[in-house]
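Visitor: After the structure tokens below, expect a handful of questions from me.
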Amino acid sequence: MSATAAVSATTPLASRLLAELTAIVGAGNVLHQRDELLVYECDGYVVNKKVPDVVVFPTCTEHVVELVKLCNRHDVPYVPRGAGTSLSGGTLAVGGGVMICLTRMKRILEINTRDRYAIVEPGVVNVWLTRALAGTGFHYAPDPSSQTACTIGGNTATNSGGPHTLKYGVTVNHVKGVELVLPDASVVTIGGITDDPPGYDLTGLVVGSEGTFGVVTKVIVDLTRDPEAGRTLLAVFDTVEAATETVSGIIAAGIVPAALEMLDNLMIQAVEQAFGFGFPTAAGAILIIEVDGIDAGLDREAQLISEIVQSRGGRVQKSITWRTRKEPEYVAIWKSRKSAFGAVGRLSPTFCTQDGVVPRTLLPHIMRFIEGVARRYDIRIANVFHAGDGNIHPILLFDERDGEQVQRVLHASREILEECIRVGGSVTGEHGIGVEKMALMPRLFAPEDLAAMIAIRNALNPEGRCSPSKLLPSGGHCIERKSPGRRASA
Amino acid sequence: MNETAQPSWPDPPAAGSLGDGRLALARLRPETVVDLCQAVGEHVRDGLAIYPQGGTTALDYGGIPGRPGVAIDTRSLCRVIDYPHADMTITVQAGITAASLHAVLAEQNQRLLIDIPQADRATLGGVFATNTSGSRRFGLGRPRDQIIGVNFVTSEGIEVKGGGRVVKNVAGYDLPKLLTGSMGTLGIITQMTLKVRPMPEASAVVWVPFTSLASLGGTLDALNTSGSRPVALDLLSAPAARIIGESLNVPAGDWVLVIGLEDNATSVNWQINRLMIELGRADLTILQDEHAAAGWAGLTEFSAAELGPVSCVVSIRPSGVIPFVASIDPGRWAVQAHAGNGIVRLHALGDWTLDHAAAEIDRFRSLAEREGEGGSVILARCPTGWKVRLGVWGRPQADWALAERVKQALDPIGAFNPGRFIGSI
Ligand SMILES: Cc1cc2nc3c(=O)[nH]c(=O)nc-3n(C[C@H](O)[C@H](O)[C@H](O)COP(=O)(O)OP(=O)(O)OC[C@H]3O[C@@H](n4cnc5c(N)ncnc54)[C@H](O)[C@@H]3O)c2cc1C
């Protein structure tokens, strides 16, 4: 499409829907000019792009209901979107249509620390809830690295993890219920405040369904007690091998840290340039190891961890003793870790992250494998990841202008994920299948497994208008993958 | 389904019980998953219902079996498929008993974080199908938090899997969670992968008697933000405390609050001292080590107690536990409340008439299901003849129509456990 023809134009579909959309949400909550829509052509996964015909911002559940009815009447696909930080193309408007952006449904509706729950609208940014809870002695446990941007609706749809989900569990372990606008435009409350409602665990089914069952308009989450205290250790190693052996050693010793994160040399350099926390730039790898709980019991655990670190040839460079997660050194080390993604830009203009998982004892193996892949394909790979969970995030650095290099990156990515599958792992620990990894689903699941999942999707989303062509490899619009993403994360 | 010959219920002795006095036309105990698939496929084609059975500890749990069928016993599928203990996961077949699993895990000083009564009989498949849990769910989580992979056999006789064997995995829909608590109505669970954890170094059961409920509300409110981090907060009425405490050498009380602690030894000792200060009492009975284990066992087994004709499980807000319990006649009901979770287990005491039981269950339901509360009352057991009137599951939840669609997707002919679950399922 030529640049001039498109600027400020509205697509025929948008023109057709505009009056009705505006009547539902108001003119201030509709985007339809091509230049305004460009932002929404992709999310954190930038390989595939598709500009939606129109983007709408409902501000209440009733809006969503009316929007879904409208899409049904006009037989138009729609896709929910939160902050658009998905790293698997979950929000891609495959086939165009209406993008329902939930970021203006952003109220925290209730916080109840006595009964340990909060009810939020889907557009509430993850960290807002944490902030709203400051001083109560409670927090919302899932803490994706993107938590300052991503929404709890998006976290729910993708079943997000984060550094502290090692001990505390991922999003699905903390969602008690949702309000969902179904593809037939009915509103249903699934789960709720109280435990064990009689019926199927549809909450468990909806969390992680990547928007394929409807639009989440409320989320009931549980609240977790703050730990009394913690110890956060920075352990330094000459080699990645020694660091990964340490990870396995800690888990095998029966210690369940609150977080256990690894950065390799390339990542250390990038993060150090960006934040200057004081990471040793010559180190082969570092581990951030955190234990939390009752203060009285923590020194022993920290000591045990130090011994394991030393026995693998590492040394503990820093040990932060904290009472709250607000202490400056604590904030600094985690800022460095959680912003690692932003620092990758210093290494390479373009990069792509994979999200494989291996049994945690196989970390040494998969890291050796990744080193081998990097050598064989002659590409640089940086690593920053949730080591304690065996959830790797190799970041493949490349120059997107070099088509041949791009192909090498694609092959290398595929080889790493295939190896994760071969050793009994998964192709995604937290970023989701989205459009990116649909082709790998048949490698993880047998046709009858996929058929069962498709049957469930068809039961809840029979017309397939809600978030078409995501998650499950079946029919619909096919997406050709030509180049890897430019982004990375962990 | 075979349209012409509608199978009818067999005469005794038939092939053993399906629960609630209904008898099985046949009983199969497949040695392999392939055999199990074949058995399901064949009997479904013959128009028979399929009743999965494990250790039969929950045979009478749920509605009355709805149509004639065969029992499929999973207990020969009891292998440990893979136990990479250093990964803290285990993959087992569903027919393994909880006790066998505990023994395997104990060799590596690990455990499954679920309190399971009648562990020598209960199979893991049954535990997950019925969503069994106990006192320590407060601190350790529910069955859904422990399961990461599942295989199950559908009514077409095909084994389907969801999830995987690694602790973090978001590929595909979370079928492990869907099958957990599904009461065997979506398929026969044949295999699961579970998260396991190291045994805690120390464990303590703190036994605190109270003479009345009056001060307990405030105590529980305060414990919600205690300096300690209990893994269990059970409230027991006098008869419950007497039965559980029988072998523990603990003082009686009109009410007893049981506070459970697990962590390393330094932490547990610190927490015990902390609790003494917070509760302002020096007369706590503290069970540690093997005494703590006996305490946990007592609490766990009591959840499956059969004292009178009726037992029910009330789920409400944690803050509502004391007001709710205060509305109950403790002479008629033995109470074990997992107060931190808002789960109140009630066991009827003495003789009851159906009318009286119905009035009580109705009253509980009207309290629990109040607008904005969304609670529930499940009838865990009662005489078969009372089930229809009392209603096992209560009013269907708001999402039940959606649940029926999921059932339709996975078991369109209603082959599995007909009559057992909610509504028409
Ligand atoms: C720098 C960076 C770091 C990251 N770190 C992590 C990490 O540590 N752990 C992790 O798990 N992920 C991480 N991610 C990935 C991403 O942040 C998460 O997947 C996040 O949950 C997405 O939230 P969002 O609000 O941006 O959702 P979006 O990207 O807008 O949408 C994600 C998916 O959810 C669906 N969706 C969104 N809202 C709704 C709704 N209300 N109802 C139904 N469906 C909905 C969308 O259709 C889409 O499929 C990271 C991403 C970046 C860019």
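We label chains A, B, ... in the order they appear in the structure tokens, count residues from 1 in each chain, and number ligands from 1 in the order shown.
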Report as CSV the residues of chain A within 6 Å of ligand 1, each with its shortest atom pair and distance in Å (one decimal), using only C-alpha atoms and all ligand atoms, ordered by chain and increasing residue number.

Guide:
residue,atom,partner,partner_atom_place_in_ligand_line,distance
A:Gly44,CA,ligand 1,53 (C),5.3
A:Val79,CA,ligand 1,47 (O),5.5
A:Pro80,CA,ligand 1,47 (O),4.3
A:Arg81,CA,ligand 1,30 (O),3.9
A:Gly82,CA,ligand 1,30 (O),3.2
A:Ala83,CA,ligand 1,26 (O),3.6
A:Gly84,CA,ligand 1,30 (O),3.3
A:Thr85,CA,ligand 1,26 (O),3.5
A:Ser86,CA,ligand 1,29 (O),3.4
A:Leu87,CA,ligand 1,15 (C),5.2
A:Gly90,CA,ligand 1,49 (O),3.4
A:Thr91,CA,ligand 1,48 (C),4.3
A:Leu102,CA,ligand 1,41 (N),5.8
A:Pro122,CA,ligand 1,41 (N),4.9
A:Pro144,CA,ligand 1,8 (O),3.5
A:Ser145,CA,ligand 1,8 (O),3.8
A:Ser146,CA,ligand 1,3 (C),4.0
A:Cys150,CA,ligand 1,25 (O),3.8
A:Thr151,CA,ligand 1,25 (O),3.6
A:Gly153,CA,ligand 1,41 (N),4.2
A:Gly154,CA,ligand 1,27 (O),3.5
A:Asn155,CA,ligand 1,21 (O),3.3
A:Ala157,CA,ligand 1,34 (O),4.4
A:Thr158,CA,ligand 1,21 (O),5.3
A:Ser160,CA,ligand 1,11 (O),3.3
A:Gly161,CA,ligand 1,11 (O),3.9
A:Gly162,CA,ligand 1,8 (O),4.1
A:Glu210,CA,ligand 1,49 (O),4.1
A:Gly211,CA,ligand 1,44 (N),3.4
A:Gly214,CA,ligand 1,43 (C),5.8
A:Val215,CA,ligand 1,42 (N),3.7
A:Val216,CA,ligand 1,42 (N),3.6
A:Thr217,CA,ligand 1,41 (N),5.7
A:Phe341,CA,ligand 1,1 (C),5.4
A:Glu430,CA,ligand 1,11 (O),4.1
A:His431,CA,ligand 1,19 (O),5.0
A:Ser489,CA,ligand 1,3 (C),4.4
A:Ala490,CA,ligand 1,5 (N),4.5

Visitor: For A:Ser348, please output as a count of residues only all residues within 12 Å (counting only C-alpha atoms; exclusion window: fewer than 6 positions along the same chain).

Guide: 18

Visitor: Excluding stretch 369-372 of chain A and any residue of its chain fewer than 4 positions from it, enumerate the residues within 7 Å of it, using only C-alpha atoms, and give them as a list of chain:residue names.

Guide: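 Neighbouring residues, sequence-local ones excluded: A:His365, A:Arg376, A:Ile416.
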
Visitor: For chain B against chain A, which residues fall within 7 Å using only C-alpha atoms, given as a count of residues only?

Guide: 45

Visitor: Given the choices A:Leu260, A:Cys101, A:Ala274, A:Tyr377, which gets closest to A:Arg346 if the distance is worked out from only C-alpha atoms?

Guide: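 Distance minimum relative to A:Arg346 lands on A:Ala274.
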
Visitor: Between A:Pro58, A:Gly26, A:Thr130, A:Gly95, which one has atoms that come closest to A:Leu13, using only C-alpha atoms?

Guide: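 That would be A:Gly95, the residue with the smallest distance to A:Leu13.
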
Visitor: Can you measure atom CA of B:Gln397 to atom CA of A:Ala141 for me? One decimal in Å is fine.

Guide: 27.3 Å

Visitor: Could you give me, as number ranges by chain, each residue of stretch 142-330 of chain B that DSSP assigns to helix (DSSP H, G or I) when run on this structure's backbone?

Guide: B: 143-146, 175-179, 216-223, 238-245, 265-279, 290-302, 318-326

Visitor: Please return as a ChimeraX atom specification: the residues of stretch 193-414 of chain B that backbone DSSP assigns to strand (DSSP E or B).

Guide: /B:193-195,197-198,202-210,232-237,255-263,285-288,311-315,333-338,343-348,376-381

Visitor: Which neighbours of A:Ala93 fall inside 7 Å, counting only C-alpha atoms, when residues of the same chain fewer than 3 positions from it are skipped, and could you give them as a list in words?

Guide: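 Skipping anything fewer than 3 positions along the chain leaves Lys50, Val51, Pro52, Val79, Gly96, Gly97 and Met99 of chain A.
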
Visitor: Produce a file of the selected residues containing N, CA, C and O atoms, as a PDB file, in the first residue's frame.

Guide:
ATOM      1  N   LYS A  50      -0.670  -5.955  11.530  1.00  0.00           N
ATOM      2  CA  LYS A  50      -1.959  -5.826  10.870  1.00  0.00           C
ATOM      3  C   LYS A  50      -2.679  -4.682  11.565  1.00  0.00           C
ATOM      4  O   LYS A  50      -2.903  -4.720  12.777  1.00  0.00           O
ATOM      5  N   VAL A  51      -3.009  -3.675  10.801  1.00  0.00           N
ATOM      6  CA  VAL A  51      -3.688  -2.532  11.390  1.00  0.00           C
ATOM      7  C   VAL A  51      -5.161  -2.887  11.555  1.00  0.00           C
ATOM      8  O   VAL A  51      -5.799  -3.331  10.608  1.00  0.00           O
ATOM      9  N   PRO A  52      -5.699  -2.711  12.755  1.00  0.00           N
ATOM     10  CA  PRO A  52      -7.132  -2.975  12.908  1.00  0.00           C
ATOM     11  C   PRO A  52      -7.928  -1.895  12.172  1.00  0.00           C
ATOM     12  O   PRO A  52      -7.402  -0.818  11.894  1.00  0.00           O
ATOM     13  N   VAL A  79     -10.725  -8.121  18.760  1.00  0.00           N
ATOM     14  CA  VAL A  79      -9.661  -8.670  19.605  1.00  0.00           C
ATOM     15  C   VAL A  79      -9.472  -7.761  20.816  1.00  0.00           C
ATOM     16  O   VAL A  79      -9.406  -6.543  20.694  1.00  0.00           O
ATOM     17  N   GLY A  96      -8.046  -7.962  10.579  1.00  0.00           N
ATOM     18  CA  GLY A  96      -8.587  -6.621  10.813  1.00  0.00           C
ATOM     19  C   GLY A  96      -9.714  -6.629  11.821  1.00  0.00           C
ATOM     20  O   GLY A  96      -9.726  -7.426  12.746  1.00  0.00           O
ATOM     21  N   GLY A  97     -10.653  -5.728  11.647  1.00  0.00           N
ATOM     22  CA  GLY A  97     -11.803  -5.668  12.544  1.00  0.00           C
ATOM     23  C   GLY A  97     -11.611  -4.681  13.668  1.00  0.00           C
ATOM     24  O   GLY A  97     -10.840  -3.723  13.558  1.00  0.00           O
ATOM     25  N   MET A  99     -10.576  -3.536  17.412  1.00  0.00           N
ATOM     26  CA  MET A  99      -9.733  -3.816  18.569  1.00  0.00           C
ATOM     27  C   MET A  99     -10.389  -3.190  19.786  1.00  0.00           C
ATOM     28  O   MET A  99     -10.668  -1.993  19.799  1.00  0.00           O
TER      29      MET A  99
END

Visitor: Which polymer residues have any atom within 12 Å of an atom of B:His356, counting only C-alpha atoms, with same-chain residues fewer than 5 positions away left out, as a CSV table (one decimal) with N, CA, C and O atoms, in the first residue's frame?

Guide:
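In the end it all went to out.csv:
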chain,number,residue,atom,x,y,z
B,309,PRO,N,-25.8,-38.4,60.2
B,309,PRO,CA,-26.3,-38.8,58.9
B,309,PRO,C,-25.8,-37.8,57.8
B,309,PRO,O,-25.7,-38.1,56.6
B,310,VAL,N,-25.5,-36.6,58.2
B,310,VAL,CA,-25.2,-35.5,57.2
B,310,VAL,C,-23.8,-34.8,57.5
B,310,VAL,O,-23.5,-34.6,58.6
B,332,ARG,N,-25.6,-29.8,67.8
B,332,ARG,CA,-26.2,-30.6,66.6
B,332,ARG,C,-25.1,-30.8,65.5
B,332,ARG,O,-25.3,-31.6,64.7
B,348,ALA,N,-23.1,-33.5,61.1
B,348,ALA,CA,-24.3,-33.6,62.0
B,348,ALA,C,-24.0,-34.6,63.2
B,348,ALA,O,-23.3,-35.6,63.0
B,351,ASP,N,-29.3,-37.9,66.2
B,351,ASP,CA,-30.4,-38.3,65.2
B,351,ASP,C,-31.0,-37.1,64.5
B,351,ASP,O,-31.2,-36.1,65.1
B,361,ILE,N,-30.0,-27.1,56.2
B,361,ILE,CA,-29.2,-26.9,54.9
B,361,ILE,C,-29.8,-25.7,54.2
B,361,ILE,O,-29.0,-24.8,53.7
B,362,ASP,N,-31.1,-25.5,54.2
B,362,ASP,CA,-31.7,-24.3,53.6
B,362,ASP,C,-31.2,-23.1,54.2
B,362,ASP,O,-30.8,-22.1,53.6
B,363,ARG,N,-31.2,-23.1,55.5
B,363,ARG,CA,-30.7,-21.9,56.3
B,363,ARG,C,-29.2,-21.6,56.0
B,363,ARG,O,-28.9,-20.5,55.7
B,386,TRP,N,-32.2,-38.9,50.9
B,386,TRP,CA,-32.3,-37.5,51.2
B,386,TRP,C,-31.7,-36.6,50.2
B,386,TRP,O,-31.9,-35.4,50.2
B,389,ARG,N,-34.0,-34.1,47.9
B,389,ARG,CA,-34.6,-33.0,48.7
B,389,ARG,C,-33.6,-32.0,49.1
B,389,ARG,O,-33.8,-30.8,49.0
B,390,LEU,N,-32.5,-32.5,49.6
B,390,LEU,CA,-31.4,-31.6,50.2
B,390,LEU,C,-30.6,-30.9,49.1
B,390,LEU,O,-30.2,-29.8,49.3

Visitor: For A:Arg34, work out the shell of residues within 10 Å, counting only C-alpha atoms and skipping chain neighbours fewer than 2 positions away, then give it as an NGL selection string.

Guide: :A and (6-11 or 31-32 or 36-39 or 51-54)

Visitor: Which residue, A:Thr232, A:Asn112, A:Asn461, A:Asn383, has the smallest gap to A:Leu263 when you use only C-alpha atoms?

Guide: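 Smallest separation from A:Leu263 among the options: A:Asn383.
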
Visitor: Leaving out B:Pro143 and any residue of its chain fewer than 4 positions from it, which residues lie within 8 Å of it when counting only C-alpha atoms, given as a PDB file with C-alpha atoms, in the first residue's frame?

Guide:
ATOM      1  CA  LEU B 113       1.149 -30.152  49.411  1.00  0.00           C
ATOM      2  CA  ILE B 114      -2.326 -31.593  49.906  1.00  0.00           C
ATOM      3  CA  PHE B 128      -7.994 -34.409  42.039  1.00  0.00           C
ATOM      4  CA  ASN B 131     -10.750 -31.448  44.652  1.00  0.00           C
ATOM      5  CA  THR B 132      -9.771 -32.784  48.052  1.00  0.00           C
ATOM      6  CA  SER B 133      -7.956 -30.490  50.427  1.00  0.00           C
ATOM      7  CA  ILE B 147      -1.123 -29.896  39.166  1.00  0.00           C
ATOM      8  CA  THR B 180      -9.389 -30.794  38.856  1.00  0.00           C
TER       9      THR B 180
END

Visitor: Could you please determine the separation between atom CA of A:Cys466 and atom CA of B:Gln408 in Å, to one decimal place?

Guide: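 Atom CA of A:Cys466 sits 20.3 Å away from atom CA of B:Gln408.
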
Visitor: Point out the residue among B:Ala99, B:Leu77, B:Leu235, B:Leu379 with the least atom-to-atom distance to B:Tyr61, counting only C-alpha atoms.

Guide: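 Ranking B:Ala99, B:Leu77, B:Leu235, B:Leu379 by distance to B:Tyr61, first place goes to B:Leu379.
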